[in-house]
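First the structure, in the form of structure tokens, and then the observations on it.
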Amino acid sequence: MSGQRHNPGAFLDLPRELADRQTSRVLVLPIPYEATTTWVKGTARGPAAILEASTHMETYDELVHDEPCRAGIHTLPPLDTTGSPEEVIDRIRVEVATLASERKFVLSLGGEHSLTTGVVRGIAETRPELTVVQIDAHADLRDEYEGSPLNHACTMRRLVDDFPIVQVGIRSLTPEGAGLIEERGVPVFYAEDIASTCSARRMEVRDWMEEAIEAVPTDDVYLTVDLDGFDPSIMPSVGTPEPGGLLWYEVLTFVATLFERRNVVAADVVELCPIDRLVAADFLAAKLAYKIAGHALRA
Ligand SMILES: [Mn+2]
């Protein structure tokens with residue numbers, strides 16, 4: 001899609017009749033929040049880069065022989081992210097709780113991963129029996145980091161007391177995180193194990209996707225995708241890259257299977273830290289967001 005904009009700032013630049021606030025079943029919520037990132041800065045520009053990349057995407061999905069956007073995707077104005085981390089996370093919770101009470105599928109675009117804490121708390125106000133499925137390089141189980149319990153390295157620690165979690169693609173964690181995983185019996189699907197099943201070098205080839213979905217104890221699921229879960233060869237535009245990540249079709253297949261087997265009620269795509277002219281990464285994030293929206297619209 002190119003040329004004149006129908007609807008500036010809207011995901012996919014959808015014409016207004018396909019992006020109506022009332023009738024659209026998916027609401028895209030840009031959250032340009034960045035307060036606690038520790039290495040490369042720039043994830044505040046993530047949501048805008050995803051929205052821009054999305055306007056260059058074909059809306060036809062060859063895997064489903066359809067244009068999922070015809071069921072309606074509305075893009076909300078970017079959320080106000082000024083104030084202390086406590087204020088911002090709580091503002092996110094309140095906003096998302098209102099949207100979720102309308103039975104809309106909220107697809108948040110980040111922004112740093114700590115925003116997920118607010119989004120999940122907001123969703124849980126109408127859907128308290130929720131499992132958080134996390135695709136990420138990092139376990140994010142630190143109790144606090146650089147003096148803040150709301151640092152992006154602490155996202156899952158803030159959620160694990162209240163929700164079952166399932167972690168996929170992990171390849172970076174602290175002794176504290178490893179201890180918590182052991183103590184709580186958190187199902188973790190490490191990137192190295194996923195890679196090994198794909199190469200079939202092991203005697204026993206496990207189907208990690210099946211096991212990961214079986215490990216989800218509730219019907220309702222919140223899906224959080226930290227883009228550093230992908231391999232940096234296809235997703236270099238993240239603040240804390242880690243080698244040995246997931247590839248495109250692995251993630252797409254996992255996400256599709258998760259939607260098939262469980263009731264995914266909301267999702268986020270976070271931590272895009274755009275690199276000028278490296279549009280392939282922005283485009284990957286946008287296409288993943290559209291795939292997620294498509295599953296939600298068909299569910
Ligand atoms: Mn991460």
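Naming works like this for the structure tokens: A, B, ... for the chains as they're shown, residue 1 at the start of each chain, ligands 1 onward in shown order.
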
May I have all residues of region 9-175 of chain A that DSSP, computed from the backbone, assigns to strand (DSSP E or B), given as a ChimeraX atom specification?
/A:26-31,61,66,73-75,105-110,130-135,138,145,148,165-170,172

At a cut-off of 7 Å around ligand 1, and using only C-alpha atoms and all ligand atoms, what residues come up? Please write them as an MDAnalysis selection string.
chainID A and resid 136:138 140 226 228:229 240

Next, the residues of the selection above should be written as a tab-separated table (two decimals), in the first residue's frame with C-alpha atoms.
chain	number	residue	atom	x	y	z
A	136	ASP	CA	11.32	-13.24	25.24
A	137	ALA	CA	15.08	-13.72	25.45
A	138	HIS	CA	14.96	-12.70	29.10
A	140	ASP	CA	12.54	-10.70	33.46
A	226	ASP	CA	9.23	-9.04	23.60
A	228	ASP	CA	14.22	-9.72	21.54
A	229	GLY	CA	12.76	-13.24	21.71
A	240	THR	CA	19.21	-5.87	24.68

Can you tell me, as a ChimeraX atom specification, what residues are no more than 10 Å from Asp231 (chain A) when counting only C-alpha atoms, ignoring any on the same chain fewer than 2 positions away?
/A:137,169,191,227-229,233-236,241-248

Keeping N, CA, C and O atoms for every residue in the selection just given, could you write it to a file as a CSV table (one decimal), in the first residue's frame?
chain,number,residue,atom,x,y,z
A,137,ALA,N,13.7,-13.2,25.2
A,137,ALA,CA,15.1,-13.7,25.4
A,137,ALA,C,15.3,-13.8,26.9
A,137,ALA,O,16.2,-14.6,27.4
A,169,GLY,N,11.6,-19.1,24.7
A,169,GLY,CA,12.7,-18.4,24.0
A,169,GLY,C,13.8,-17.9,24.9
A,169,GLY,O,14.7,-17.2,24.4
A,191,ALA,N,15.6,-21.3,24.7
A,191,ALA,CA,15.8,-21.1,23.2
A,191,ALA,C,16.7,-22.3,22.7
A,191,ALA,O,16.5,-22.8,21.6
A,227,LEU,N,10.2,-8.4,21.5
A,227,LEU,CA,10.8,-8.7,20.1
A,227,LEU,C,12.2,-9.3,20.2
A,227,LEU,O,12.7,-9.9,19.3
A,228,ASP,N,12.9,-9.1,21.4
A,228,ASP,CA,14.2,-9.7,21.5
A,228,ASP,C,14.1,-11.2,21.7
A,228,ASP,O,15.2,-11.9,21.7
A,229,GLY,N,12.9,-11.8,21.8
A,229,GLY,CA,12.8,-13.2,21.7
A,229,GLY,C,13.2,-13.8,20.4
A,229,GLY,O,13.7,-14.9,20.2
A,233,SER,N,19.5,-11.8,14.2
A,233,SER,CA,19.8,-11.7,12.7
A,233,SER,C,18.5,-11.2,12.0
A,233,SER,O,18.6,-10.6,10.9
A,234,ILE,N,17.3,-11.5,12.5
A,234,ILE,CA,16.1,-11.0,11.9
A,234,ILE,C,15.5,-9.8,12.7
A,234,ILE,O,14.6,-9.1,12.2
A,235,MET,N,15.9,-9.7,13.9
A,235,MET,CA,15.4,-8.6,14.8
A,235,MET,C,16.5,-7.9,15.6
A,235,MET,O,16.7,-8.1,16.8
A,236,PRO,N,17.3,-7.1,14.8
A,236,PRO,CA,18.4,-6.4,15.5
A,236,PRO,C,17.9,-5.2,16.3
A,236,PRO,O,18.7,-4.7,17.1
A,241,PRO,N,19.9,-7.2,22.7
A,241,PRO,CA,19.9,-8.4,21.9
A,241,PRO,C,20.6,-9.5,22.5
A,241,PRO,O,21.6,-9.4,23.2
A,242,GLU,N,20.2,-10.7,22.2
A,242,GLU,CA,20.8,-12.0,22.7
A,242,GLU,C,20.9,-13.0,21.5
A,242,GLU,O,19.8,-13.2,20.8
A,243,PRO,N,22.0,-13.6,21.2
A,243,PRO,CA,22.1,-14.5,20.1
A,243,PRO,C,21.3,-15.8,20.4
A,243,PRO,O,20.9,-16.1,21.5
A,244,GLY,N,20.9,-16.5,19.3
A,244,GLY,CA,20.3,-17.8,19.5
A,244,GLY,C,18.8,-17.7,19.7
A,244,GLY,O,18.2,-18.5,20.4
A,245,GLY,N,18.1,-16.7,19.1
A,245,GLY,CA,16.7,-16.6,19.3
A,245,GLY,C,15.8,-17.3,18.3
A,245,GLY,O,16.3,-18.1,17.4
A,246,LEU,N,14.5,-17.1,18.4
A,246,LEU,CA,13.5,-17.7,17.6
A,246,LEU,C,13.5,-17.1,16.2
A,246,LEU,O,13.8,-15.9,16.0
A,247,LEU,N,13.0,-17.9,15.3
A,247,LEU,CA,12.9,-17.4,13.9
A,247,LEU,C,11.4,-17.1,13.6
A,247,LEU,O,10.5,-17.4,14.3
A,248,TRP,N,11.2,-16.5,12.4
A,248,TRP,CA,9.9,-16.0,12.0
A,248,TRP,C,8.8,-17.1,12.1
A,248,TRP,O,7.8,-16.9,12.7

In terms of the shortest atom-to-atom distance over only C-alpha atoms, which of A:Val119, A:Ile170, A:Met209, A:Leu18 is closest to Leu99 (chain A)?
A:Val119

Output as a VMD selection string all residues of region 35-255 of chain A that backbone DSSP marks as helix (DSSP H, G or I).
chain A and resid 43 to 54 68 to 71 85 to 101 115 to 124 152 to 159 175 to 184 191 to 199 208 to 214 227 to 229 248 to 255

Long-range neighbours of Asn151 (chain A) as a ChimeraX atom specification, 12 Å cut-off, only C-alpha atoms, 6 positions minimum in chain
/A:33-38,84-86,89,112-117,140-145,157-158

Report as a list in words all protein, DNA and RNA residues lying within 12 Å of Tyr249 (chain A), evaluated on only C-alpha atoms, omitting residues in the same chain fewer than 5 positions from it.
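Listed by chain and then number, they are Cys198, Phe230, Asp231, Ile234, Phe254, Val255, Ala256, Thr257, Leu284, Leu288 and Lys291 of chain A.
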
Do you know which residues are at most 12 Å from Arg298 (chain A) counting only C-alpha atoms, after dropping those on the same chain fewer than 4 positions away, and could you put them as number ranges by chain?
A: 25-26, 64, 66-72, 105, 256, 259-260, 263-264, 291-294

Write a file of the selected residues as an mmCIF file, in the first residue's frame, keeping N, CA, C and O atoms.
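What follows is the written file again_31.cif:
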data_model
loop_
_atom_site.group_PDB
_atom_site.id
_atom_site.type_symbol
_atom_site.label_atom_id
_atom_site.label_comp_id
_atom_site.auth_asym_id
_atom_site.auth_seq_id
_atom_site.Cartn_x
_atom_site.Cartn_y
_atom_site.Cartn_z
ATOM 1 N N ARG A 25 -13.261 -4.798 16.143
ATOM 2 C CA ARG A 25 -13.107 -5.731 17.258
ATOM 3 C C ARG A 25 -11.699 -5.723 17.833
ATOM 4 O O ARG A 25 -11.469 -6.202 18.940
ATOM 5 N N VAL A 26 -10.757 -5.205 17.050
ATOM 6 C CA VAL A 26 -9.385 -5.080 17.559
ATOM 7 C C VAL A 26 -9.072 -3.599 17.746
ATOM 8 O O VAL A 26 -9.332 -2.773 16.867
ATOM 9 N N VAL A 64 -4.460 -17.476 5.082
ATOM 10 C CA VAL A 64 -5.885 -17.666 5.399
ATOM 11 C C VAL A 64 -6.789 -17.275 4.230
ATOM 12 O O VAL A 64 -8.009 -17.335 4.325
ATOM 13 N N ASP A 66 -7.570 -14.471 2.924
ATOM 14 C CA ASP A 66 -8.555 -13.465 3.319
ATOM 15 C C ASP A 66 -7.822 -12.185 3.721
ATOM 16 O O ASP A 66 -6.602 -12.185 3.889
ATOM 17 N N GLU A 67 -8.600 -11.132 3.877
ATOM 18 C CA GLU A 67 -8.073 -9.870 4.406
ATOM 19 C C GLU A 67 -8.632 -9.688 5.813
ATOM 20 O O GLU A 67 -9.734 -9.148 5.986
ATOM 21 N N PRO A 68 -7.900 -10.125 6.832
ATOM 22 C CA PRO A 68 -8.442 -10.073 8.200
ATOM 23 C C PRO A 68 -8.898 -8.673 8.619
ATOM 24 O O PRO A 68 -9.847 -8.543 9.379
ATOM 25 N N CYS A 69 -8.261 -7.631 8.084
ATOM 26 C CA CYS A 69 -8.581 -6.266 8.511
ATOM 27 C C CYS A 69 -10.005 -5.860 8.147
ATOM 28 O O CYS A 69 -10.523 -4.874 8.681
ATOM 29 N N ARG A 70 -10.665 -6.635 7.261
ATOM 30 C CA ARG A 70 -12.043 -6.277 6.878
ATOM 31 C C ARG A 70 -12.991 -6.342 8.069
ATOM 32 O O ARG A 70 -14.060 -5.752 8.048
ATOM 33 N N ALA A 71 -12.596 -7.085 9.120
ATOM 34 C CA ALA A 71 -13.425 -7.143 10.331
ATOM 35 C C ALA A 71 -13.192 -5.944 11.257
ATOM 36 O O ALA A 71 -13.854 -5.825 12.287
ATOM 37 N N GLY A 72 -12.264 -5.076 10.894
ATOM 38 C CA GLY A 72 -12.129 -3.821 11.635
ATOM 39 C C GLY A 72 -11.003 -3.768 12.644
ATOM 40 O O GLY A 72 -10.957 -4.556 13.583
ATOM 41 N N PHE A 105 -10.510 -6.721 21.642
ATOM 42 C CA PHE A 105 -9.179 -7.311 21.743
ATOM 43 C C PHE A 105 -8.178 -6.162 21.714
ATOM 44 O O PHE A 105 -8.069 -5.447 20.713
ATOM 45 N N ALA A 256 -0.076 -19.062 16.150
ATOM 46 C CA ALA A 256 -1.288 -19.610 15.515
ATOM 47 C C ALA A 256 -1.839 -20.775 16.335
ATOM 48 O O ALA A 256 -3.053 -20.883 16.561
ATOM 49 N N PHE A 259 -3.537 -19.564 19.568
ATOM 50 C CA PHE A 259 -4.883 -19.044 19.305
ATOM 51 C C PHE A 259 -5.870 -20.180 19.027
ATOM 52 O O PHE A 259 -7.041 -20.084 19.384
ATOM 53 N N GLU A 260 -5.395 -21.247 18.383
ATOM 54 C CA GLU A 260 -6.264 -22.391 18.080
ATOM 55 C C GLU A 260 -6.721 -23.103 19.347
ATOM 56 O O GLU A 260 -7.855 -23.537 19.461
ATOM 57 N N ASN A 263 -8.010 -19.336 24.461
ATOM 58 C CA ASN A 263 -8.707 -18.083 24.218
ATOM 59 C C ASN A 263 -7.753 -16.923 24.513
ATOM 60 O O ASN A 263 -7.660 -16.473 25.653
ATOM 61 N N VAL A 264 -7.048 -16.485 23.480
ATOM 62 C CA VAL A 264 -6.103 -15.379 23.668
ATOM 63 C C VAL A 264 -6.930 -14.089 23.717
ATOM 64 O O VAL A 264 -7.582 -13.735 22.745
ATOM 65 N N LYS A 291 -0.589 -10.288 12.124
ATOM 66 C CA LYS A 291 -0.916 -11.719 12.253
ATOM 67 C C LYS A 291 -1.706 -11.952 13.545
ATOM 68 O O LYS A 291 -2.688 -12.692 13.564
ATOM 69 N N ILE A 292 -1.258 -11.323 14.638
ATOM 70 C CA ILE A 292 -1.962 -11.467 15.920
ATOM 71 C C ILE A 292 -3.369 -10.902 15.805
ATOM 72 O O ILE A 292 -4.354 -11.536 16.215
ATOM 73 N N ALA A 293 -3.496 -9.724 15.211
ATOM 74 C CA ALA A 293 -4.824 -9.115 15.031
ATOM 75 C C ALA A 293 -5.711 -10.022 14.185
ATOM 76 O O ALA A 293 -6.908 -10.191 14.486
ATOM 77 N N GLY A 294 -5.145 -10.618 13.148
ATOM 78 C CA GLY A 294 -5.906 -11.518 12.278
ATOM 79 C C GLY A 294 -6.457 -12.715 13.038
ATOM 80 O O GLY A 294 -7.629 -13.075 12.893
#

For Ser172 (chain A), the nearest of the candidates A:Ala286, A:Ile50, A:Leu159, A:Val188, counting only C-alpha atoms
A:Val188

Counting only C-alpha atoms, the residue of A:His295, A:Met57, A:Val168, A:Ala267 that sits nearest Val96 (chain A):
A:Ala267

Computed gap from CA of Thr75 (chain A) to CA of Glu17 (chain A) is 12.6 Å

Please provide as a list of chain:residue names all residues within 9 Å of Ala48 (chain A), with the sequence filter that same-chain residues fewer than 5 positions apart are discarded (counting only C-alpha atoms).
A:Gly9, A:Pro30, A:Pro32, A:Ala53, A:Pro78, A:Leu109

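Candidate residues A:Leu252, A:Val28, A:Met156, A:Val40 were compared for distance to Val106 (chain A), and the nearest is A:Val28, using only C-alpha atoms.
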
Provide the CA of Glu87 (chain A) to CA of Ile165 (chain A) distance in Å, to one decimal place.
24.7 Å

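You can rank A:Lys41, A:Arg93, A:Lys287, A:Arg103 by their closest distance to Tyr60 (chain A) using only C-alpha atoms, and at the top of that list sits A:Lys287.
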
With only C-alpha atoms counted and 7 Å as the cut-off, give the residues of region 62-133 of chain A in contact with region 210-220 of chain A, each with its shortest interatomic distance in Å and the pair that gives it, as JSON lines.
{"residue": "A:Glu129", "atom": "CA", "partner": "A:Thr218", "partner_atom": "CA", "distance": 6.6}
{"residue": "A:Leu130", "atom": "CA", "partner": "A:Asp220", "partner_atom": "CA", "distance": 5.1}
{"residue": "A:Thr131", "atom": "CA", "partner": "A:Thr218", "partner_atom": "CA", "distance": 6.1}
